[in-house]
Amino acid sequence: MSDLAQLETELMGEIAQAANEEALEALRVKALGKKGSISGLLATLGSLAPEDRKSFGATINAVKDRVTEALGTRRITLKDAALDARLAAERADVTLPVREGGLEAGRIHPISQVMDELTAIFADLGFAVAEGPDIESDDYNFTKLNFPLGHPAREMHDTFFFAADQKGERKLLRTHTSPVQVRTMLREKPPIRVICPGRTYRCDSDQTHTPMFHQVEGLVIDREANLGQLKWVLEEFCKAFFEVPHVKMRFRPSFFPFTEPSMEVDIQCSRKGGEIRFGEGEDWLEILGCGMVHPNVLKNCGLDPDAVQGYAWGMGIDRIAMLKYGMPDLRPFFEADIRWLKHYGFRPLDLPSLAAGLSA
């Protein structure tokens with residue numbers, strides 16, 4: 001009996017000192033497993049006299065129950081301690097601001113926003129969107145658009161040319177989106193009513209010019225297309241894009257190889273306080289070029305200038321974005337500065353539409 005009491009005392013001490021659940025499980029096996037100390041004593045009952053077996057068995061079972069209860073109590077204590085330690089280690093400071101998710105942190109680039117605005121406005125005026133490759137042939141980029149040989153735009157200082165191929169032809173990065181107009185006229189029959197937005201490339205870089213920029217050009221080919229229609233389209237576009245009820249425009253004679261007559265267009269604005277505001281004031285700001293499609297261009301694209309005529313215009317998307325949203329420098333458009341994008345960018349779900357507002 002004294003050995004059993006000593007065994008119980010030792011087991012209770014070890015259980016109380018168990019540092020974790022793994023150590024406690026080892027003690028359970030040591031005491032109550034098939035080869036455990038208490039299980040071994042129970043196995044010896046068969047060798048005792050019947051009168052001793054009953055009393056000694058009851059004593060051993062009592063010790064077993066107390067050890068089992070101690071193991072359970074210690075296990076609960078260890079689990080609670082482990083949970084407290086985990087909570088302390090993983091505790092979140094609820095006073096810190098929650099990180100923004102993708103929809104909250106992300107921004108639409110102003111160029112993408114303005115392209116969506118352009119598409120919405122011109123779609124309402126009945127225009128489709130036409131696209132073409134960035135790498136073009138000299139024929140589509142210059143020759144079919146009535147650029148004469150030796151024109152400065154063909155020289156290396158203005159155009160990015162590739163090395164000549166096996167046929168001697170030099171591909172180039174398109175200097176305007178006008179080749180898309182050429183491809184559309186070669187592919188489709190009049191009436192044609194398209195806008196051509198996209199990237200363009202020229203050897204130029206300063207505060208208002210970058211080697212890669214964006215243009216949108218418009219083209220209408222029909223039997224009775226005329227300058228009156230062109231003026232109306234441009235006025236409606238400017239009112240919708242700059243979100244003003246009315247705007248004055250001034251058309252000045254100019255020269256482009258692919259239009260005749262050609263015109264530069266100025267838009268009414270106010271420059272008071274260093275801020276440009278459209279639809280008011282007595283100042284003027286040049287915004288785009290336009291004109292009637294040159295008969296040579298129509299002929300080069302397989303159209304009869306005696307049967308159809310057309311008008312076209314072109315403007316810089318980056319430029320009108322700067323004017324509308326007050327951006328002083330073109331270069332940050334392409335610097336991938338997330339701070340600039342957060343300041344000037346647009347939330348992903350603020351989709352421009354004529355019904356909901358373009359820049360709401």
# chains A, B, ... in the order shown; residues from 1 in each chain; ligands from 1

$ residues_around --residues "segment 313-321 of chain A" --least-positions-apart "2" --cutoff "6 Å" --atoms "only C-alpha atoms" --output "list in words"
His214, Gln215, Val216, Glu217, Gly218, Leu288, Gly289, Cys290, Leu323, Lys324 and Tyr325 of chain A

$ write_last_selection --atoms "N, CA and C atoms" --output "PDB file, in the first residue's frame"
ATOM      1  N   HIS A 214      -1.132  59.370 -77.276  1.00  0.00           N
ATOM      2  CA  HIS A 214      -2.401  58.808 -77.744  1.00  0.00           C
ATOM      3  C   HIS A 214      -3.164  59.827 -78.581  1.00  0.00           C
ATOM      4  N   GLN A 215      -3.781  59.351 -79.630  1.00  0.00           N
ATOM      5  CA  GLN A 215      -4.604  60.188 -80.492  1.00  0.00           C
ATOM      6  C   GLN A 215      -5.970  59.557 -80.688  1.00  0.00           C
ATOM      7  N   VAL A 216      -6.931  60.389 -81.026  1.00  0.00           N
ATOM      8  CA  VAL A 216      -8.200  59.892 -81.547  1.00  0.00           C
ATOM      9  C   VAL A 216      -8.497  60.691 -82.817  1.00  0.00           C
ATOM     10  N   GLU A 217      -8.783  59.995 -83.879  1.00  0.00           N
ATOM     11  CA  GLU A 217      -9.154  60.632 -85.135  1.00  0.00           C
ATOM     12  C   GLU A 217     -10.545  60.171 -85.524  1.00  0.00           C
ATOM     13  N   GLY A 218     -11.240  61.006 -86.251  1.00  0.00           N
ATOM     14  CA  GLY A 218     -12.579  60.672 -86.720  1.00  0.00           C
ATOM     15  C   GLY A 218     -12.653  60.757 -88.226  1.00  0.00           C
ATOM     16  N   LEU A 288      -7.541  71.080 -81.903  1.00  0.00           N
ATOM     17  CA  LEU A 288      -7.480  69.960 -82.850  1.00  0.00           C
ATOM     18  C   LEU A 288      -7.320  70.496 -84.261  1.00  0.00           C
ATOM     19  N   GLY A 289      -7.071  69.562 -85.192  1.00  0.00           N
ATOM     20  CA  GLY A 289      -7.016  69.870 -86.608  1.00  0.00           C
ATOM     21  C   GLY A 289      -8.046  69.056 -87.361  1.00  0.00           C
ATOM     22  N   CYS A 290      -8.534  69.589 -88.479  1.00  0.00           N
ATOM     23  CA  CYS A 290      -9.588  68.889 -89.215  1.00  0.00           C
ATOM     24  C   CYS A 290      -9.611  69.371 -90.664  1.00  0.00           C
ATOM     25  N   LEU A 323      -6.241  69.108 -70.302  1.00  0.00           N
ATOM     26  CA  LEU A 323      -7.072  70.302 -70.278  1.00  0.00           C
ATOM     27  C   LEU A 323      -8.298  70.121 -69.395  1.00  0.00           C
ATOM     28  N   LYS A 324      -8.934  68.963 -69.481  1.00  0.00           N
ATOM     29  CA  LYS A 324     -10.176  68.761 -68.722  1.00  0.00           C
ATOM     30  C   LYS A 324      -9.910  68.588 -67.237  1.00  0.00           C
ATOM     31  N   TYR A 325      -8.851  67.850 -66.885  1.00  0.00           N
ATOM     32  CA  TYR A 325      -8.632  67.493 -65.486  1.00  0.00           C
ATOM     33  C   TYR A 325      -7.486  68.264 -64.832  1.00  0.00           C
TER      34      TYR A 325
END

$ select_by_dssp --residues "segment 264-324 of chain A" --states "strand (DSSP E)" --output "list in words"
Glu264, Val265, Asp266, Ile267, Gln268, Cys269, Ser270, Arg277, Phe278, Asp283, Trp284, Leu285, Glu286, Ile287, Leu288, Gly289, Cys290, Gly291, Met292, Val293, Gln309, Gly310, Tyr311, Ala312, Trp313, Gly314, Met315 and Gly316 of chain A

$ residues_around --residues "Ala312 of chain A" --least-positions-apart "5" --cutoff "12 Å" --atoms "only C-alpha atoms" --output "ChimeraX atom specification"
/A:177-178,181-182,192-196,216-222,225-227,229-231,233-234,256,258-264,288-294,297

$ select_by_dssp --residues "segment 25-263 of chain A" --states "helix (DSSP H, G or I)" --output "number ranges by chain"
A: 25-32, 37-47, 50-89, 102-105, 110-124, 138-141, 143-145, 152-154, 178-187, 227-241

$ atom_distance --atom1 "atom CA of Ala82 of chain A" --atom2 "atom CA of Arg99 of chain A"
29.2 Å

$ residues_around --residues "Ser270 of chain A" --least-positions-apart "3" --cutoff "7 Å" --atoms "only C-alpha atoms" --output "PyMOL selection string"
chain A and resi 276-278+280-283

$ closest_residue --among "A:Glu69, A:Glu224, A:Ser254, A:Cys238" --to "Tyr311 of chain A" --atoms "only C-alpha atoms"
A:Glu224

$ closest_residue --among "A:Asp304, A:Glu117, A:Asp165, A:Glu286" --to "Met185 of chain A" --atoms "only C-alpha atoms"
A:Asp304

$ residues_around --residues "Pro211 of chain A" --least-positions-apart "6" --cutoff "12 Å" --atoms "only C-alpha atoms" --output "CSV table (one decimal) with N, CA and C atoms, in the first residue's frame"
chain,number,residue,atom,x,y,z
A,157,HIS,N,14.4,62.1,-87.7
A,157,HIS,CA,14.2,62.9,-86.6
A,157,HIS,C,12.8,63.0,-86.1
A,158,ASP,N,11.8,62.5,-86.8
A,158,ASP,CA,10.4,62.6,-86.4
A,158,ASP,C,9.8,61.2,-86.3
A,159,THR,N,10.3,60.2,-87.0
A,159,THR,CA,9.6,58.9,-87.1
A,159,THR,C,10.5,57.8,-86.7
A,160,PHE,N,10.0,56.9,-85.9
A,160,PHE,CA,10.7,55.7,-85.5
A,160,PHE,C,10.7,54.6,-86.6
A,173,LEU,N,6.9,52.7,-86.5
A,173,LEU,CA,5.8,52.9,-85.5
A,173,LEU,C,5.0,54.1,-86.0
A,174,ARG,N,3.7,53.8,-86.1
A,174,ARG,CA,2.8,54.8,-86.7
A,174,ARG,C,2.9,56.2,-86.0
A,175,THR,N,2.9,57.2,-86.8
A,175,THR,CA,3.0,58.6,-86.2
A,175,THR,C,1.7,59.2,-85.9
A,199,ARG,N,-2.5,54.3,-79.6
A,199,ARG,CA,-1.2,54.9,-79.3
A,199,ARG,C,-0.5,55.3,-80.6
A,200,THR,N,0.3,56.4,-80.5
A,200,THR,CA,1.1,56.8,-81.7
A,200,THR,C,2.5,57.2,-81.1
A,201,TYR,N,3.5,57.3,-82.1
A,201,TYR,CA,4.9,57.4,-81.7
A,201,TYR,C,5.6,58.5,-82.5
A,202,ARG,N,6.3,59.4,-81.9
A,202,ARG,CA,7.2,60.4,-82.6
A,202,ARG,C,8.4,60.7,-81.7
A,203,CYS,N,9.5,61.1,-82.4
A,203,CYS,CA,10.7,61.4,-81.7
A,203,CYS,C,10.6,62.8,-81.1
A,204,ASP,N,10.0,62.8,-79.9
A,204,ASP,CA,9.8,64.1,-79.3
A,204,ASP,C,9.6,63.9,-77.8
A,205,SER,N,10.2,64.8,-77.0
A,205,SER,CA,10.0,64.6,-75.5
A,205,SER,C,10.3,65.9,-74.8
A,330,LEU,N,2.7,66.4,-69.1
A,330,LEU,CA,2.4,65.1,-69.7
A,330,LEU,C,3.2,64.0,-69.3
A,331,ARG,N,4.4,64.2,-68.9
A,331,ARG,CA,5.4,63.1,-68.6
A,331,ARG,C,4.9,62.1,-67.5
A,334,PHE,N,3.1,58.6,-67.9
A,334,PHE,CA,3.8,57.4,-68.3
A,334,PHE,C,4.9,57.0,-67.3

$ atom_distance --atom1 "atom CA of Gly279 of chain A" --atom2 "atom CA of Lys248 of chain A"
6.9 Å

$ atom_distance --atom1 "atom CA of Thr73 of chain A" --atom2 "atom CA of Ala18 of chain A"
11.8 Å

$ closest_residue --among "A:Pro295, A:Asp138, A:His343, A:Ala336" --to "Glu169 of chain A" --atoms "only C-alpha atoms"
A:Asp138

$ residues_around --residues "segment 23-39 of chain A" --least-positions-apart "2" --cutoff "8 Å" --atoms "only C-alpha atoms" --output "PDB file with C-alpha atoms, in the first residue's frame"
ATOM      1  CA  LEU A  11       2.401  10.737 -10.744  1.00  0.00           C
ATOM      2  CA  GLU A  14       4.682  14.917 -12.658  1.00  0.00           C
ATOM      3  CA  ILE A  15       1.189  15.771 -13.911  1.00  0.00           C
ATOM      4  CA  ALA A  18       3.726  18.839 -17.296  1.00  0.00           C
ATOM      5  CA  ALA A  19       4.720  21.749 -19.547  1.00  0.00           C
ATOM      6  CA  ASN A  20       2.431  20.990 -22.512  1.00  0.00           C
ATOM      7  CA  GLU A  21      -0.121  18.561 -23.870  1.00  0.00           C
ATOM      8  CA  LEU A  41      -0.648  -3.285 -10.765  1.00  0.00           C
ATOM      9  CA  LEU A  42      -4.129  -4.179 -11.997  1.00  0.00           C
ATOM     10  CA  ALA A  43      -2.618  -7.045 -13.937  1.00  0.00           C
ATOM     11  CA  ILE A  60      -5.848   0.610  -7.275  1.00  0.00           C
ATOM     12  CA  LYS A  64      -6.516   5.263 -11.267  1.00  0.00           C
ATOM     13  CA  LEU A  71      -4.807  14.367 -16.168  1.00  0.00           C
ATOM     14  CA  ARG A  74      -4.241  19.529 -16.224  1.00  0.00           C
ATOM     15  CA  ARG A  75      -5.174  19.101 -19.894  1.00  0.00           C
TER      16      ARG A  75
END

$ residues_around --residues "Asp124 of chain A" --least-positions-apart "2" --cutoff "12 Å" --atoms "only C-alpha atoms" --output "PDB file with C-alpha atoms, in the first residue's frame"
ATOM      1  CA  GLU A 117     -15.547  59.100 -72.397  1.00  0.00           C
ATOM      2  CA  LEU A 118     -14.691  59.573 -76.079  1.00  0.00           C
ATOM      3  CA  THR A 119     -16.256  56.234 -76.967  1.00  0.00           C
ATOM      4  CA  ALA A 120     -19.457  57.075 -75.081  1.00  0.00           C
ATOM      5  CA  ILE A 121     -19.800  60.508 -76.708  1.00  0.00           C
ATOM      6  CA  PHE A 122     -19.095  59.459 -80.292  1.00  0.00           C
ATOM      7  CA  GLY A 126     -23.426  57.302 -84.388  1.00  0.00           C
ATOM      8  CA  PHE A 127     -19.710  56.491 -84.649  1.00  0.00           C
ATOM      9  CA  ALA A 128     -18.136  53.038 -84.452  1.00  0.00           C
ATOM     10  CA  VAL A 233     -19.975  67.063 -84.658  1.00  0.00           C
ATOM     11  CA  GLU A 236     -21.378  68.508 -79.801  1.00  0.00           C
ATOM     12  CA  PHE A 237     -18.264  66.614 -78.795  1.00  0.00           C
ATOM     13  CA  ALA A 240     -20.275  66.760 -73.995  1.00  0.00           C
ATOM     14  CA  SER A 353     -21.782  57.459 -69.480  1.00  0.00           C
ATOM     15  CA  LEU A 354     -23.884  60.226 -70.954  1.00  0.00           C
ATOM     16  CA  ALA A 355     -26.733  59.385 -68.584  1.00  0.00           C
TER      17      ALA A 355
END

$ closest_residue --among "A:Asp93, A:Ala105, A:Ala164, A:Glu10" --to "Val67 of chain A" --atoms "only C-alpha atoms"
A:Glu10

$ decode --residues "segment 245-261 of chain A" --atoms "all heavy atoms" --output "CSV table (one decimal), in the first residue's frame"
chain,number,residue,atom,x,y,z
A,245,PRO,N,-22.7,73.7,-71.2
A,245,PRO,CA,-24.0,73.8,-72.0
A,245,PRO,C,-23.8,74.3,-73.4
A,245,PRO,O,-24.5,74.1,-74.3
A,245,PRO,CB,-24.9,74.7,-71.1
A,245,PRO,CG,-23.9,75.5,-70.3
A,245,PRO,CD,-22.8,74.6,-70.0
A,246,HIS,N,-22.7,75.2,-73.6
A,246,HIS,CA,-22.5,75.8,-74.9
A,246,HIS,C,-21.0,76.1,-75.0
A,246,HIS,O,-20.3,76.3,-74.0
A,246,HIS,CB,-23.3,77.0,-75.1
A,246,HIS,CG,-23.2,78.0,-74.0
A,246,HIS,ND1,-22.1,78.9,-73.9
A,246,HIS,CD2,-23.9,78.3,-72.9
A,246,HIS,CE1,-22.2,79.6,-72.8
A,246,HIS,NE2,-23.3,79.3,-72.2
A,247,VAL,N,-20.5,76.2,-76.2
A,247,VAL,CA,-19.1,76.5,-76.4
A,247,VAL,C,-19.0,77.2,-77.8
A,247,VAL,O,-19.7,76.8,-78.8
A,247,VAL,CB,-18.2,75.2,-76.4
A,247,VAL,CG1,-18.6,74.2,-77.5
A,247,VAL,CG2,-16.8,75.6,-76.4
A,248,LYS,N,-18.1,78.1,-77.9
A,248,LYS,CA,-17.8,78.8,-79.2
A,248,LYS,C,-16.5,78.1,-79.8
A,248,LYS,O,-15.6,77.8,-79.0
A,248,LYS,CB,-17.6,80.3,-79.0
A,248,LYS,CG,-18.8,81.0,-78.6
A,248,LYS,CD,-18.5,82.5,-78.4
A,248,LYS,CE,-19.7,83.3,-78.0
A,248,LYS,NZ,-19.4,84.8,-77.8
A,249,MET,N,-16.5,78.0,-81.1
A,249,MET,CA,-15.4,77.4,-81.8
A,249,MET,C,-14.9,78.3,-82.9
A,249,MET,O,-15.8,79.0,-83.5
A,249,MET,CB,-15.7,76.0,-82.3
A,249,MET,CG,-16.2,75.1,-81.2
A,249,MET,SD,-16.4,73.4,-81.8
A,249,MET,CE,-14.7,72.8,-81.8
A,250,ARG,N,-13.6,78.4,-83.2
A,250,ARG,CA,-13.1,79.2,-84.2
A,250,ARG,C,-12.3,78.3,-85.2
A,250,ARG,O,-11.4,77.6,-84.7
A,250,ARG,CB,-12.2,80.3,-83.6
A,250,ARG,CG,-11.7,81.3,-84.7
A,250,ARG,CD,-11.0,82.4,-83.9
A,250,ARG,NE,-9.8,82.0,-83.2
A,250,ARG,CZ,-9.1,82.8,-82.5
A,250,ARG,NH1,-9.4,84.1,-82.3
A,250,ARG,NH2,-8.0,82.4,-81.8
A,251,PHE,N,-12.6,78.4,-86.5
A,251,PHE,CA,-11.9,77.5,-87.5
A,251,PHE,C,-11.0,78.4,-88.3
A,251,PHE,O,-11.4,79.4,-88.9
A,251,PHE,CB,-12.9,76.9,-88.4
A,251,PHE,CG,-13.8,75.8,-87.7
A,251,PHE,CD1,-14.8,76.2,-86.8
A,251,PHE,CD2,-13.5,74.5,-88.0
A,251,PHE,CE1,-15.5,75.2,-86.2
A,251,PHE,CE2,-14.3,73.5,-87.3
A,251,PHE,CZ,-15.3,73.9,-86.5
A,252,ARG,N,-9.7,78.1,-88.3
A,252,ARG,CA,-8.7,78.9,-89.0
A,252,ARG,C,-8.1,78.0,-90.1
A,252,ARG,O,-7.8,76.8,-89.9
A,252,ARG,CB,-7.5,79.3,-88.0
A,252,ARG,CG,-8.0,80.2,-86.9
A,252,ARG,CD,-6.8,80.6,-86.0
A,252,ARG,NE,-6.4,79.5,-85.1
A,252,ARG,CZ,-5.4,78.7,-85.2
A,252,ARG,NH1,-4.6,78.8,-86.3
A,252,ARG,NH2,-5.1,77.7,-84.4
A,253,PRO,N,-7.8,78.6,-91.3
A,253,PRO,CA,-7.2,77.9,-92.4
A,253,PRO,C,-5.8,77.3,-92.0
A,253,PRO,O,-5.1,78.0,-91.3
A,253,PRO,CB,-7.1,79.0,-93.5
A,253,PRO,CG,-8.1,80.0,-93.1
A,253,PRO,CD,-8.1,80.0,-91.6
A,254,SER,N,-5.5,76.2,-92.5
A,254,SER,CA,-4.2,75.5,-92.2
A,254,SER,C,-3.9,74.6,-93.3
A,254,SER,O,-4.5,74.7,-94.4
A,254,SER,CB,-4.3,74.8,-90.9
A,254,SER,OG,-3.0,74.3,-90.5
A,255,PHE,N,-2.9,73.8,-93.1
A,255,PHE,CA,-2.5,72.8,-94.2
A,255,PHE,C,-2.1,71.5,-93.6
A,255,PHE,O,-1.4,71.4,-92.6
A,255,PHE,CB,-1.3,73.3,-95.0
A,255,PHE,CG,-0.7,72.3,-95.9
A,255,PHE,CD1,-1.3,72.0,-97.1
A,255,PHE,CD2,0.4,71.5,-95.5
A,255,PHE,CE1,-0.8,71.0,-97.9
A,255,PHE,CE2,0.9,70.5,-96.3
A,255,PHE,CZ,0.3,70.3,-97.5
A,256,PHE,N,-2.8,70.4,-94.1
A,256,PHE,CA,-2.4,69.0,-93.8
A,256,PHE,C,-2.4,68.3,-95.2
A,256,PHE,O,-3.3,68.6,-96.0
A,256,PHE,CB,-3.4,68.4,-92.9
A,256,PHE,CG,-3.6,69.1,-91.6
A,256,PHE,CD1,-4.8,69.7,-91.3
A,256,PHE,CD2,-2.6,69.1,-90.7
A,256,PHE,CE1,-5.0,70.3,-90.1
A,256,PHE,CE2,-2.8,69.8,-89.5
A,256,PHE,CZ,-4.0,70.4,-89.2
A,257,PRO,N,-1.4,67.4,-95.4
A,257,PRO,CA,-1.4,66.8,-96.7
A,257,PRO,C,-2.6,65.9,-97.1
A,257,PRO,O,-3.0,65.7,-98.2
A,257,PRO,CB,-0.1,65.8,-96.6
A,257,PRO,CG,0.7,66.4,-95.5
A,257,PRO,CD,-0.3,67.0,-94.6
A,258,PHE,N,-3.3,65.5,-96.0
A,258,PHE,CA,-4.4,64.5,-96.3
A,258,PHE,C,-5.8,65.2,-96.3
A,258,PHE,O,-6.8,64.5,-96.4
A,258,PHE,CB,-4.4,63.4,-95.2
A,258,PHE,CG,-3.9,63.9,-93.9
A,258,PHE,CD1,-4.7,64.5,-93.0
A,258,PHE,CD2,-2.6,63.7,-93.5
A,258,PHE,CE1,-4.3,65.0,-91.8
A,258,PHE,CE2,-2.1,64.1,-92.2
A,258,PHE,CZ,-3.0,64.8,-91.4
A,259,THR,N,-5.9,66.5,-96.1
A,259,THR,CA,-7.2,67.2,-96.1
A,259,THR,C,-7.1,68.4,-97.0
A,259,THR,O,-6.0,69.1,-97.1
A,259,THR,CB,-7.7,67.6,-94.7
A,259,THR,OG1,-6.6,68.3,-94.1
A,259,THR,CG2,-8.1,66.4,-93.9
A,260,GLU,N,-8.2,68.8,-97.6
A,260,GLU,CA,-8.3,70.0,-98.4
A,260,GLU,C,-9.8,70.4,-98.6
A,260,GLU,O,-10.5,69.7,-99.2
A,260,GLU,CB,-7.7,69.8,-99.8
A,260,GLU,CG,-7.7,71.0,-100.7
A,260,GLU,CD,-7.0,72.2,-100.2
A,260,GLU,OE1,-5.9,72.0,-99.6
A,260,GLU,OE2,-7.5,73.3,-100.4
A,261,PRO,N,-10.2,71.6,-98.0
A,261,PRO,CA,-9.4,72.5,-97.2
A,261,PRO,C,-9.1,71.9,-95.8
A,261,PRO,O,-9.7,71.0,-95.3
A,261,PRO,CB,-10.3,73.7,-97.1
A,261,PRO,CG,-11.7,73.1,-97.1
A,261,PRO,CD,-11.6,72.0,-98.1
